[in-house]
file query-v3.txt (compact mmCIF, N, CA and C atoms)
# COMPACT_ATOMS: atom_id res chain seq x y z
N MET A 1 3.14 -6.80 -21.55
CA MET A 1 4.13 -5.94 -20.92
C MET A 1 3.97 -4.51 -21.44
N ILE A 2 4.17 -3.58 -20.54
CA ILE A 2 4.13 -2.16 -20.94
C ILE A 2 5.42 -1.50 -20.49
N ASP A 3 5.74 -0.42 -21.15
CA ASP A 3 6.89 0.39 -20.78
C ASP A 3 6.47 1.30 -19.63
N ALA A 4 6.96 1.02 -18.43
CA ALA A 4 6.55 1.77 -17.24
C ALA A 4 7.10 3.18 -17.28
N SER A 5 6.22 4.15 -17.12
CA SER A 5 6.64 5.55 -17.09
C SER A 5 7.44 5.81 -15.81
N ILE A 6 8.25 6.84 -15.85
CA ILE A 6 9.00 7.26 -14.66
C ILE A 6 8.02 7.60 -13.54
N PHE A 7 6.91 8.24 -13.90
CA PHE A 7 5.89 8.60 -12.90
C PHE A 7 5.37 7.36 -12.19
N LEU A 8 5.06 6.31 -12.96
CA LEU A 8 4.57 5.06 -12.37
C LEU A 8 5.63 4.44 -11.48
N ARG A 9 6.85 4.39 -11.95
CA ARG A 9 7.92 3.77 -11.17
C ARG A 9 8.16 4.53 -9.86
N ARG A 10 8.07 5.83 -9.91
CA ARG A 10 8.26 6.62 -8.68
C ARG A 10 7.08 6.44 -7.73
N ALA A 11 5.87 6.35 -8.26
CA ALA A 11 4.70 6.12 -7.41
C ALA A 11 4.80 4.74 -6.74
N LEU A 12 5.24 3.75 -7.49
CA LEU A 12 5.43 2.41 -6.91
C LEU A 12 6.54 2.42 -5.87
N LEU A 13 7.62 3.14 -6.14
CA LEU A 13 8.72 3.21 -5.19
C LEU A 13 8.29 3.90 -3.90
N ALA A 14 7.55 4.98 -4.01
CA ALA A 14 7.06 5.67 -2.81
C ALA A 14 6.17 4.75 -1.99
N ASP A 15 5.32 3.99 -2.66
CA ASP A 15 4.45 3.02 -1.98
C ASP A 15 5.30 1.96 -1.30
N ALA A 16 6.33 1.47 -1.97
CA ALA A 16 7.20 0.45 -1.39
C ALA A 16 7.92 0.97 -0.14
N VAL A 17 8.39 2.20 -0.19
CA VAL A 17 9.08 2.78 0.97
C VAL A 17 8.11 2.94 2.14
N PHE A 18 6.95 3.53 1.88
CA PHE A 18 5.94 3.72 2.92
C PHE A 18 5.50 2.38 3.50
N SER A 19 5.25 1.42 2.63
CA SER A 19 4.80 0.10 3.08
C SER A 19 5.91 -0.63 3.82
N GLY A 20 7.14 -0.47 3.38
CA GLY A 20 8.27 -1.13 4.04
C GLY A 20 8.49 -0.61 5.46
N VAL A 21 8.42 0.69 5.62
CA VAL A 21 8.55 1.28 6.95
C VAL A 21 7.40 0.81 7.84
N SER A 22 6.20 0.82 7.29
CA SER A 22 5.03 0.34 8.04
C SER A 22 5.18 -1.13 8.40
N ALA A 23 5.66 -1.93 7.45
CA ALA A 23 5.84 -3.36 7.69
C ALA A 23 6.78 -3.61 8.86
N LEU A 24 7.89 -2.93 8.88
CA LEU A 24 8.86 -3.12 9.97
C LEU A 24 8.27 -2.67 11.30
N GLY A 25 7.65 -1.50 11.30
CA GLY A 25 7.07 -0.99 12.54
C GLY A 25 5.98 -1.88 13.08
N LEU A 26 5.08 -2.30 12.21
CA LEU A 26 3.96 -3.13 12.66
C LEU A 26 4.39 -4.53 13.05
N THR A 27 5.33 -5.09 12.33
CA THR A 27 5.79 -6.46 12.63
C THR A 27 6.55 -6.50 13.95
N PHE A 28 7.49 -5.59 14.11
CA PHE A 28 8.36 -5.65 15.29
C PHE A 28 7.90 -4.78 16.44
N GLY A 29 6.96 -3.87 16.18
CA GLY A 29 6.46 -3.00 17.25
C GLY A 29 4.98 -3.17 17.52
N ALA A 30 4.44 -4.33 17.14
CA ALA A 30 3.00 -4.55 17.27
C ALA A 30 2.50 -4.35 18.69
N ALA A 31 3.25 -4.84 19.66
CA ALA A 31 2.80 -4.73 21.06
C ALA A 31 2.73 -3.26 21.49
N ALA A 32 3.76 -2.51 21.15
CA ALA A 32 3.78 -1.09 21.53
C ALA A 32 2.67 -0.31 20.81
N PHE A 33 2.50 -0.58 19.51
CA PHE A 33 1.45 0.11 18.76
C PHE A 33 0.06 -0.30 19.24
N ALA A 34 -0.10 -1.56 19.63
CA ALA A 34 -1.40 -2.02 20.14
C ALA A 34 -1.79 -1.23 21.37
N THR A 35 -0.84 -1.01 22.25
CA THR A 35 -1.10 -0.23 23.46
C THR A 35 -1.35 1.24 23.12
N LEU A 36 -0.54 1.79 22.24
CA LEU A 36 -0.65 3.20 21.87
C LEU A 36 -1.98 3.52 21.17
N PHE A 37 -2.42 2.61 20.30
CA PHE A 37 -3.60 2.88 19.47
C PHE A 37 -4.86 2.14 19.89
N SER A 38 -4.77 1.29 20.90
CA SER A 38 -5.90 0.46 21.33
C SER A 38 -6.45 -0.39 20.18
N LEU A 39 -5.54 -1.00 19.45
CA LEU A 39 -5.88 -1.91 18.36
C LEU A 39 -5.32 -3.28 18.69
N PRO A 40 -5.93 -4.34 18.17
CA PRO A 40 -5.45 -5.69 18.47
C PRO A 40 -4.02 -5.93 17.98
N GLU A 41 -3.19 -6.45 18.87
CA GLU A 41 -1.79 -6.72 18.53
C GLU A 41 -1.68 -7.67 17.35
N ALA A 42 -2.51 -8.72 17.33
CA ALA A 42 -2.45 -9.69 16.24
C ALA A 42 -2.78 -9.03 14.90
N LEU A 43 -3.76 -8.15 14.88
CA LEU A 43 -4.12 -7.45 13.65
C LEU A 43 -2.93 -6.63 13.14
N LEU A 44 -2.27 -5.93 14.04
CA LEU A 44 -1.13 -5.10 13.65
C LEU A 44 0.03 -5.95 13.15
N ARG A 45 0.35 -7.02 13.87
CA ARG A 45 1.48 -7.88 13.48
C ARG A 45 1.20 -8.57 12.14
N GLU A 46 -0.01 -9.10 11.97
CA GLU A 46 -0.34 -9.77 10.71
C GLU A 46 -0.37 -8.79 9.55
N THR A 47 -0.80 -7.58 9.80
CA THR A 47 -0.75 -6.55 8.77
C THR A 47 0.70 -6.27 8.39
N GLY A 48 1.57 -6.17 9.38
CA GLY A 48 2.99 -5.96 9.12
C GLY A 48 3.61 -7.09 8.30
N LEU A 49 3.26 -8.32 8.64
CA LEU A 49 3.79 -9.47 7.89
C LEU A 49 3.30 -9.46 6.44
N PHE A 50 2.03 -9.13 6.24
CA PHE A 50 1.51 -9.01 4.88
C PHE A 50 2.27 -7.92 4.12
N LEU A 51 2.52 -6.81 4.79
CA LEU A 51 3.19 -5.69 4.12
C LEU A 51 4.63 -6.01 3.73
N ILE A 52 5.26 -6.96 4.40
CA ILE A 52 6.61 -7.36 3.99
C ILE A 52 6.57 -7.93 2.57
N ALA A 53 5.63 -8.85 2.34
CA ALA A 53 5.49 -9.43 1.00
C ALA A 53 5.05 -8.38 -0.01
N TYR A 54 4.11 -7.54 0.39
CA TYR A 54 3.61 -6.49 -0.50
C TYR A 54 4.74 -5.54 -0.90
N THR A 55 5.57 -5.17 0.07
CA THR A 55 6.69 -4.27 -0.20
C THR A 55 7.65 -4.88 -1.21
N ALA A 56 7.90 -6.18 -1.07
CA ALA A 56 8.79 -6.86 -2.01
C ALA A 56 8.22 -6.81 -3.43
N LEU A 57 6.93 -7.07 -3.57
CA LEU A 57 6.30 -7.03 -4.89
C LEU A 57 6.34 -5.62 -5.49
N VAL A 58 5.92 -4.63 -4.72
CA VAL A 58 5.84 -3.27 -5.25
C VAL A 58 7.25 -2.71 -5.50
N GLY A 59 8.19 -3.04 -4.63
CA GLY A 59 9.57 -2.61 -4.85
C GLY A 59 10.15 -3.22 -6.12
N TRP A 60 9.83 -4.50 -6.35
CA TRP A 60 10.30 -5.16 -7.55
C TRP A 60 9.68 -4.50 -8.79
N LEU A 61 8.38 -4.23 -8.75
CA LEU A 61 7.72 -3.57 -9.88
C LEU A 61 8.35 -2.19 -10.15
N ALA A 62 8.67 -1.47 -9.07
CA ALA A 62 9.26 -0.14 -9.22
C ALA A 62 10.63 -0.19 -9.89
N SER A 63 11.30 -1.31 -9.78
CA SER A 63 12.66 -1.43 -10.33
C SER A 63 12.66 -1.87 -11.80
N ARG A 64 11.50 -2.17 -12.36
CA ARG A 64 11.40 -2.68 -13.74
C ARG A 64 11.05 -1.55 -14.71
N THR A 65 11.66 -1.58 -15.87
CA THR A 65 11.26 -0.63 -16.92
C THR A 65 10.07 -1.18 -17.71
N MET A 66 9.94 -2.50 -17.72
CA MET A 66 8.81 -3.15 -18.38
C MET A 66 8.04 -3.92 -17.30
N VAL A 67 6.73 -3.71 -17.25
CA VAL A 67 5.91 -4.37 -16.23
C VAL A 67 4.66 -4.98 -16.87
N LEU A 68 4.11 -5.94 -16.18
CA LEU A 68 2.84 -6.51 -16.61
C LEU A 68 1.72 -5.57 -16.17
N ARG A 69 0.96 -5.08 -17.11
CA ARG A 69 -0.14 -4.17 -16.80
C ARG A 69 -1.11 -4.77 -15.77
N PRO A 70 -1.52 -6.04 -15.92
CA PRO A 70 -2.45 -6.60 -14.93
C PRO A 70 -1.88 -6.64 -13.51
N LEU A 71 -0.57 -6.79 -13.39
CA LEU A 71 0.04 -6.81 -12.06
C LEU A 71 -0.01 -5.43 -11.43
N VAL A 72 0.24 -4.40 -12.22
CA VAL A 72 0.14 -3.03 -11.70
C VAL A 72 -1.32 -2.71 -11.37
N LEU A 73 -2.24 -3.14 -12.21
CA LEU A 73 -3.66 -2.93 -11.92
C LEU A 73 -4.07 -3.62 -10.62
N LEU A 74 -3.50 -4.79 -10.36
CA LEU A 74 -3.76 -5.49 -9.11
C LEU A 74 -3.31 -4.65 -7.91
N VAL A 75 -2.16 -4.01 -8.03
CA VAL A 75 -1.66 -3.14 -6.96
C VAL A 75 -2.60 -1.94 -6.78
N VAL A 76 -3.02 -1.33 -7.88
CA VAL A 76 -3.93 -0.18 -7.81
C VAL A 76 -5.25 -0.57 -7.15
N VAL A 77 -5.84 -1.65 -7.61
CA VAL A 77 -7.11 -2.11 -7.05
C VAL A 77 -6.93 -2.53 -5.59
N GLY A 78 -5.81 -3.18 -5.29
CA GLY A 78 -5.52 -3.58 -3.91
C GLY A 78 -5.41 -2.37 -2.99
N ASN A 79 -4.75 -1.33 -3.46
CA ASN A 79 -4.63 -0.11 -2.65
C ASN A 79 -5.99 0.55 -2.44
N ALA A 80 -6.79 0.58 -3.48
CA ALA A 80 -8.13 1.16 -3.35
C ALA A 80 -8.97 0.34 -2.36
N ALA A 81 -8.88 -0.97 -2.46
CA ALA A 81 -9.61 -1.85 -1.55
C ALA A 81 -9.12 -1.69 -0.11
N TRP A 82 -7.83 -1.53 0.06
CA TRP A 82 -7.25 -1.32 1.39
C TRP A 82 -7.82 -0.04 2.00
N THR A 83 -7.92 1.00 1.20
CA THR A 83 -8.46 2.27 1.67
C THR A 83 -9.89 2.10 2.15
N VAL A 84 -10.71 1.50 1.32
CA VAL A 84 -12.12 1.28 1.69
C VAL A 84 -12.22 0.35 2.89
N GLY A 85 -11.43 -0.71 2.89
CA GLY A 85 -11.46 -1.67 3.99
C GLY A 85 -11.03 -1.06 5.32
N SER A 86 -10.06 -0.18 5.28
CA SER A 86 -9.59 0.47 6.51
C SER A 86 -10.69 1.32 7.13
N ILE A 87 -11.37 2.09 6.30
CA ILE A 87 -12.46 2.93 6.81
C ILE A 87 -13.62 2.04 7.28
N ALA A 88 -13.91 0.99 6.52
CA ALA A 88 -14.98 0.07 6.91
C ALA A 88 -14.66 -0.59 8.25
N LEU A 89 -13.39 -0.88 8.50
CA LEU A 89 -12.99 -1.48 9.77
C LEU A 89 -13.38 -0.58 10.94
N LEU A 90 -13.18 0.71 10.78
CA LEU A 90 -13.52 1.64 11.85
C LEU A 90 -15.01 1.67 12.15
N PHE A 91 -15.82 1.52 11.10
CA PHE A 91 -17.28 1.58 11.27
C PHE A 91 -17.89 0.22 11.61
N SER A 92 -17.11 -0.84 11.49
CA SER A 92 -17.65 -2.18 11.67
C SER A 92 -17.90 -2.54 13.13
N GLY A 93 -17.19 -1.89 14.02
CA GLY A 93 -17.29 -2.25 15.43
C GLY A 93 -16.39 -3.42 15.80
N ALA A 94 -15.65 -3.96 14.83
CA ALA A 94 -14.75 -5.08 15.10
C ALA A 94 -13.55 -4.65 15.94
N VAL A 95 -13.21 -3.37 15.88
CA VAL A 95 -12.12 -2.82 16.69
C VAL A 95 -12.64 -1.57 17.38
N SER A 96 -11.99 -1.23 18.48
CA SER A 96 -12.36 -0.02 19.23
C SER A 96 -11.11 0.81 19.51
N PRO A 97 -10.54 1.41 18.47
CA PRO A 97 -9.33 2.19 18.69
C PRO A 97 -9.63 3.47 19.48
N ASN A 98 -8.59 3.98 20.14
CA ASN A 98 -8.72 5.29 20.76
C ASN A 98 -8.61 6.35 19.65
N PHE A 99 -8.63 7.62 20.03
CA PHE A 99 -8.58 8.69 19.03
C PHE A 99 -7.32 8.59 18.18
N ALA A 100 -6.18 8.34 18.81
CA ALA A 100 -4.91 8.23 18.06
C ALA A 100 -4.96 7.05 17.10
N GLY A 101 -5.56 5.95 17.53
CA GLY A 101 -5.67 4.78 16.67
C GLY A 101 -6.57 5.04 15.47
N ALA A 102 -7.70 5.67 15.71
CA ALA A 102 -8.60 6.00 14.60
C ALA A 102 -7.94 6.97 13.64
N LEU A 103 -7.21 7.94 14.17
CA LEU A 103 -6.49 8.89 13.34
C LEU A 103 -5.42 8.19 12.50
N MET A 104 -4.72 7.23 13.10
CA MET A 104 -3.70 6.48 12.38
C MET A 104 -4.33 5.67 11.25
N VAL A 105 -5.45 5.00 11.51
CA VAL A 105 -6.11 4.21 10.48
C VAL A 105 -6.58 5.11 9.34
N VAL A 106 -7.16 6.23 9.66
CA VAL A 106 -7.63 7.16 8.63
C VAL A 106 -6.45 7.71 7.83
N ALA A 107 -5.37 8.08 8.50
CA ALA A 107 -4.20 8.64 7.82
C ALA A 107 -3.58 7.64 6.84
N GLN A 108 -3.44 6.38 7.29
CA GLN A 108 -2.85 5.41 6.37
C GLN A 108 -3.82 5.06 5.25
N ALA A 109 -5.12 5.13 5.51
CA ALA A 109 -6.11 4.89 4.45
C ALA A 109 -6.01 5.98 3.38
N ILE A 110 -5.86 7.21 3.82
CA ILE A 110 -5.72 8.32 2.88
C ILE A 110 -4.44 8.16 2.07
N ALA A 111 -3.34 7.84 2.74
CA ALA A 111 -2.06 7.65 2.04
C ALA A 111 -2.16 6.53 1.01
N THR A 112 -2.80 5.44 1.38
CA THR A 112 -2.95 4.31 0.46
C THR A 112 -3.83 4.70 -0.72
N GLY A 113 -4.87 5.47 -0.48
CA GLY A 113 -5.72 5.95 -1.56
C GLY A 113 -4.96 6.87 -2.51
N VAL A 114 -4.09 7.70 -1.96
CA VAL A 114 -3.26 8.57 -2.79
C VAL A 114 -2.32 7.72 -3.65
N PHE A 115 -1.73 6.69 -3.07
CA PHE A 115 -0.86 5.81 -3.86
C PHE A 115 -1.64 5.15 -4.99
N ALA A 116 -2.86 4.70 -4.72
CA ALA A 116 -3.69 4.09 -5.77
C ALA A 116 -3.90 5.08 -6.91
N GLU A 117 -4.23 6.31 -6.57
CA GLU A 117 -4.47 7.32 -7.60
C GLU A 117 -3.20 7.63 -8.39
N LEU A 118 -2.08 7.82 -7.69
CA LEU A 118 -0.82 8.11 -8.38
C LEU A 118 -0.40 6.97 -9.29
N GLN A 119 -0.57 5.74 -8.82
CA GLN A 119 -0.20 4.58 -9.63
C GLN A 119 -1.11 4.46 -10.85
N TYR A 120 -2.38 4.77 -10.68
CA TYR A 120 -3.30 4.73 -11.82
C TYR A 120 -2.90 5.78 -12.86
N VAL A 121 -2.60 6.98 -12.40
CA VAL A 121 -2.15 8.04 -13.32
C VAL A 121 -0.86 7.60 -14.00
N GLY A 122 0.05 7.04 -13.23
CA GLY A 122 1.31 6.56 -13.79
C GLY A 122 1.11 5.46 -14.82
N LEU A 123 0.16 4.61 -14.56
CA LEU A 123 -0.16 3.54 -15.50
C LEU A 123 -0.69 4.12 -16.81
N ARG A 124 -1.52 5.13 -16.70
CA ARG A 124 -2.06 5.79 -17.92
C ARG A 124 -0.97 6.52 -18.70
N LYS A 125 0.08 6.97 -18.01
CA LYS A 125 1.18 7.67 -18.67
C LYS A 125 2.19 6.71 -19.26
N SER A 126 2.05 5.44 -18.96
CA SER A 126 3.01 4.44 -19.44
C SER A 126 2.79 4.10 -20.90
N GLY A 127 3.86 3.60 -21.53
CA GLY A 127 3.80 3.24 -22.93
C GLY A 127 2.84 2.10 -23.20
N SER A 128 2.51 1.93 -24.45
CA SER A 128 1.56 0.88 -24.83
C SER A 128 2.19 -0.51 -24.70
N ALA A 129 1.36 -1.48 -24.89
CA ALA A 129 1.79 -2.87 -24.77
C ALA A 129 2.90 -3.17 -25.76
N VAL A 130 3.80 -4.02 -25.29
CA VAL A 130 4.93 -4.42 -26.13
C VAL A 130 4.81 -5.92 -26.41
N ALA A 131 4.96 -6.31 -27.64
CA ALA A 131 4.87 -7.73 -27.99
C ALA A 131 6.08 -8.47 -27.45
N ALA A 132 5.85 -9.68 -26.96
CA ALA A 132 6.95 -10.48 -26.40
C ALA A 132 7.76 -11.14 -27.48

call {"tool": "encode", "arguments": {"input": "query-v3.txt", "output": "structure tokens"}}
result
Amino acid sequence: MIDASIFLRRALLADAVFSGVSALGLTFGAAAFATLFSLPEALLRETGLFLIAYTALVGWLASRTMVLRPLVLLVVVGNAAWTVGSIALLFSGAVSPNFAGALMVVAQAIATGVFAELQYVGLRKSGSAVAA
């Protein structure tokens, strides 16, 4: 366990808010977004459902003064992987979004990458390990 810095907790909270809004929009508005962005409805809905669980985890971490370092590292690595995976999706040919869809994927990839960086910085600013 480490003493989570205020910076880390705020970075996690910002991620939880962004992910929570995305989760609701993608889960309940998948059909509309699929049409708007020319992306598969199932991909959008399943992403939204995943983000519901992710939001709960990151929101919970943001509310703790003491956190498990490996769990925060998992979030950081997951965000970095999401960023790379989002860009890879565009180049894979598995989807054919319109310009707005490609812009949306790139924008959320950048946001997720920023969260990974902020959380990593916050983790480095956090206190050292505490004995149980």

call {"tool": "atom_distance", "arguments": {"input": "query-v3.txt", "atom1": "atom C of Ala14 of chain A", "atom2": "atom N of Ala88 of chain A"}}
result
22.1 Å

call {"tool": "atom_distance", "arguments": {"input": "query-v3.txt", "atom1": "atom CA of Leu43 of chain A", "atom2": "atom N of Ser96 of chain A"}}
result
11.1 Å

call {"tool": "closest_residue", "arguments": {"input": "query-v3.txt", "among": "A:Ala116, A:Val75, A:Ala23, A:Phe7", "to": "Val58 of chain A", "atoms": "all atoms listed in the file"}}
result
A:Val75

call {"tool": "closest_residue", "arguments": {"input": "query-v3.txt", "among": "A:Leu39, A:Leu103, A:Ile52, A:Ile2", "to": "Pro70 of chain A", "atoms": "all atoms listed in the file"}}
result
A:Ile2

call {"tool": "closest_residue", "arguments": {"input": "query-v3.txt", "among": "A:Leu49, A:Val105, A:Met66, A:Ala94", "to": "Gly25 of chain A", "atoms": "only C-alpha atoms"}}
result
A:Leu49

call {"tool": "closest_residue", "arguments": {"input": "query-v3.txt", "among": "A:Gln119, A:Thr65, A:Thr47, A:Ser92", "to": "Ser22 of chain A", "atoms": "only N, CA and C atoms"}}
result
A:Thr47

call {"tool": "select_by_dssp", "arguments": {"input": "query-v3.txt", "residues": "chain A", "states": "helix (DSSP H, G or I)", "output": "JSON, numbers by chain"}}
result
{"A": [6, 7, 8, 9, 10, 11, 12, 13, 14, 15, 16, 17, 18, 19, 20, 21, 22, 23, 24, 25, 26, 27, 28, 30, 31, 32, 33, 34, 35, 36, 37, 41, 42, 43, 44, 45, 46, 47, 48, 49, 50, 51, 52, 53, 54, 55, 56, 57, 58, 59, 60, 61, 62, 69, 70, 71, 72, 73, 74, 75, 76, 77, 78, 79, 80, 81, 82, 83, 84, 85, 86, 87, 88, 89, 90, 91, 92, 99, 100, 101, 102, 103, 104, 105, 106, 107, 108, 109, 110, 111, 112, 113, 114, 115, 116, 117, 118, 119, 120, 121, 122, 123, 124, 125]}

call {"tool": "atom_distance", "arguments": {"input": "query-v3.txt", "atom1": "atom CA of Arg9 of chain A", "atom2": "atom CA of Val76 of chain A"}}
result
12.9 Å

call {"tool": "residues_around", "arguments": {"input": "query-v3.txt", "residues": "Leu68 of chain A", "least_positions_apart": "4", "cutoff": "6.5 Å", "atoms": "only N, CA and C atoms", "output": "VMD selection string"}}
result
chain A and resid 1 to 2 72 to 73

call {"tool": "decode", "arguments": {"input": "query-v3.txt", "residues": "segment 49-79 of chain A", "atoms": "N, CA and C atoms", "output": "tab-separated table (two decimals), in the first residue's frame"}}
result
chain	number	residue	atom	x	y	z
A	49	LEU	N	-19.96	-0.82	-21.93
A	49	LEU	CA	-20.16	-1.75	-20.81
A	49	LEU	C	-18.85	-1.99	-20.05
A	50	PHE	N	-17.76	-2.15	-20.79
A	50	PHE	CA	-16.46	-2.30	-20.14
A	50	PHE	C	-16.14	-1.05	-19.30
A	51	LEU	N	-16.43	0.11	-19.86
A	51	LEU	CA	-16.10	1.36	-19.16
A	51	LEU	C	-16.91	1.54	-17.87
A	52	ILE	N	-18.07	0.91	-17.77
A	52	ILE	CA	-18.83	0.99	-16.52
A	52	ILE	C	-18.02	0.36	-15.39
A	53	ALA	N	-17.50	-0.84	-15.63
A	53	ALA	CA	-16.68	-1.51	-14.62
A	53	ALA	C	-15.38	-0.75	-14.37
A	54	TYR	N	-14.77	-0.27	-15.43
A	54	TYR	CA	-13.52	0.49	-15.31
A	54	TYR	C	-13.74	1.75	-14.47
A	55	THR	N	-14.84	2.44	-14.73
A	55	THR	CA	-15.15	3.66	-13.98
A	55	THR	C	-15.30	3.37	-12.50
A	56	ALA	N	-15.95	2.25	-12.18
A	56	ALA	CA	-16.13	1.88	-10.78
A	56	ALA	C	-14.77	1.65	-10.11
A	57	LEU	N	-13.88	0.94	-10.78
A	57	LEU	CA	-12.55	0.67	-10.23
A	57	LEU	C	-11.76	1.97	-10.04
A	58	VAL	N	-11.70	2.79	-11.07
A	58	VAL	CA	-10.89	4.01	-11.00
A	58	VAL	C	-11.51	5.01	-10.02
A	59	GLY	N	-12.83	5.09	-9.99
A	59	GLY	CA	-13.49	5.96	-9.02
A	59	GLY	C	-13.21	5.52	-7.59
A	60	TRP	N	-13.22	4.20	-7.37
A	60	TRP	CA	-12.93	3.67	-6.05
A	60	TRP	C	-11.48	4.00	-5.67
A	61	LEU	N	-10.54	3.80	-6.59
A	61	LEU	CA	-9.14	4.12	-6.31
A	61	LEU	C	-8.98	5.61	-5.97
A	62	ALA	N	-9.70	6.46	-6.71
A	62	ALA	CA	-9.61	7.91	-6.48
A	62	ALA	C	-10.10	8.30	-5.09
A	63	SER	N	-10.97	7.50	-4.52
A	63	SER	CA	-11.56	7.83	-3.22
A	63	SER	C	-10.70	7.33	-2.04
A	64	ARG	N	-9.62	6.62	-2.31
A	64	ARG	CA	-8.78	6.03	-1.26
A	64	ARG	C	-7.55	6.90	-0.99
A	65	THR	N	-7.20	7.02	0.26
A	65	THR	CA	-5.94	7.70	0.59
A	65	THR	C	-4.77	6.73	0.52
A	66	MET	N	-5.06	5.45	0.70
A	66	MET	CA	-4.05	4.40	0.59
A	66	MET	C	-4.47	3.48	-0.55
A	67	VAL	N	-3.56	3.21	-1.48
A	67	VAL	CA	-3.88	2.36	-2.63
A	67	VAL	C	-2.79	1.32	-2.84
A	68	LEU	N	-3.17	0.27	-3.51
A	68	LEU	CA	-2.19	-0.73	-3.90
A	68	LEU	C	-1.44	-0.23	-5.14
A	69	ARG	N	-0.15	-0.09	-5.03
A	69	ARG	CA	0.66	0.39	-6.15
A	69	ARG	C	0.45	-0.45	-7.41
A	70	PRO	N	0.45	-1.79	-7.32
A	70	PRO	CA	0.25	-2.59	-8.54
A	70	PRO	C	-1.10	-2.34	-9.21
A	71	LEU	N	-2.11	-2.01	-8.42
A	71	LEU	CA	-3.42	-1.74	-9.01
A	71	LEU	C	-3.41	-0.43	-9.78
A	72	VAL	N	-2.74	0.58	-9.24
A	72	VAL	CA	-2.61	1.85	-9.96
A	72	VAL	C	-1.75	1.66	-11.21
A	73	LEU	N	-0.69	0.88	-11.10
A	73	LEU	CA	0.14	0.59	-12.27
A	73	LEU	C	-0.66	-0.13	-13.35
A	74	LEU	N	-1.57	-1.00	-12.94
A	74	LEU	CA	-2.44	-1.67	-13.90
A	74	LEU	C	-3.30	-0.66	-14.66
A	75	VAL	N	-3.81	0.33	-13.96
A	75	VAL	CA	-4.60	1.39	-14.59
A	75	VAL	C	-3.74	2.19	-15.57
A	76	VAL	N	-2.53	2.54	-15.15
A	76	VAL	CA	-1.62	3.30	-16.01
A	76	VAL	C	-1.29	2.52	-17.28
A	77	VAL	N	-0.89	1.27	-17.11
A	77	VAL	CA	-0.54	0.42	-18.25
A	77	VAL	C	-1.77	0.18	-19.12
A	78	GLY	N	-2.92	-0.02	-18.50
A	78	GLY	CA	-4.17	-0.20	-19.26
A	78	GLY	C	-4.50	1.01	-20.09
A	79	ASN	N	-4.32	2.19	-19.53
A	79	ASN	CA	-4.58	3.42	-20.29
A	79	ASN	C	-3.61	3.57	-21.45
